[in-house]
Amino acid sequence: MASNLPMSPQLEQIYGEIHDNFRALANGFQKLDKIKDSNRQSKQLEELTGKMRECKRLIKEFDREIKDEESRNPPDVNKQLNDEKQSMIKELNSYVQLRKTFMNSLGNKRVELFDMGAGVSDPTADDNVQMASAMSNQELINSGTKTMDETDQVIERSKKVVEQTIEVGTQTAVTLKGQTEQMGRIVNELDTIQFSIKKASQLVKEIGRQVATDKCIMLFLLLIVIGVIAIIVVKIVNPGNKNIRDIPGLAPPAARRLLSLSTLQQFE
């Protein structure tokens, strides 16, 4: 019995959901056989088609779980699980055949192997869809397995795209963090430069004030020197001018010569 196979809780849940849908399909087709109104039959077929699409999705999920657990299960268990999967695919395709029979009774002579669409559509040559009426059970099983494998490949590619997107996002976050830190360092350096400029401006002002003070002192000393020179020149040119006081240590030359002559006369 398939229910006695060792399964993980996830596999058991999927297995149970698949068989719940199978029971719903069996009951639905029994009710469909009793419905005489074509509109009600079409509506019932649409509901059953939805159940079959759900079964297909669950079988694909069941297959993915088997592959994920394959390394952890013994070979005989993996074989039994795969046999059970093929059995479920075969049972699902039997409902597809029933669906085709009822669709034929409603006037639609062509029906594609149930798909992921929202209803029944006629297959075209471009889509290269194999008709259920022209396929054996093994071909139906192979077709379903191929479809599930293609879906698995699409999922794997999607996973790779997601991983690449996450990697790019991580690299972008690291780059932004580095740029933010660099901007912080630049702001700190600008603050330091601004402070240095402010200090330099204050120093230049102080130097300017000192230079102005030195110029005033030099001008004052220059005036003093000019005044002294002027006094000396006046005393030399006009030694008899009593309004100008003698400069200490500088006596008029003429007076010294007169004094020398008077002294000589006294000696004579």
# chains A, B, ... in the order shown; residues from 1 in each chain; ligands from 1

$ residues_around --residues "region 64-67 of chain A" --least-positions-apart "4" --cutoff "12 Å" --atoms "only C-alpha atoms" --output "ChimeraX atom specification"
/A:6-15,57-60,71-75,77-85,145,148-149,151-153,155-156

$ select_by_dssp --residues "region 1-209 of chain A" --states "helix (DSSP H, G or I)" --output "PyMOL selection string"
chain A and resi 2-4+9-34+38-72+75-105+132-134+137-209

$ atom_distance --atom1 "CA of Phe102 (chain A)" --atom2 "CA of Arg53 (chain A)"
17.3 Å

$ atom_distance --atom1 "CA of Lys36 (chain A)" --atom2 "CA of Leu98 (chain A)"
16.5 Å

$ closest_residue --among "A:Arg23, A:Gln41, A:Glu61, A:Asp76" --to "Glu91 (chain A)" --atoms "only C-alpha atoms"
A:Arg23

$ closest_residue --among "A:Lys215, A:Lys177, A:Lys51, A:Lys43" --to "Leu92 (chain A)" --atoms "only C-alpha atoms"
A:Lys51

$ closest_residue --among "A:Asn104, A:Gln194, A:Asn93, A:Thr175" --to "Cys55 (chain A)" --atoms "only C-alpha atoms"
A:Asn93
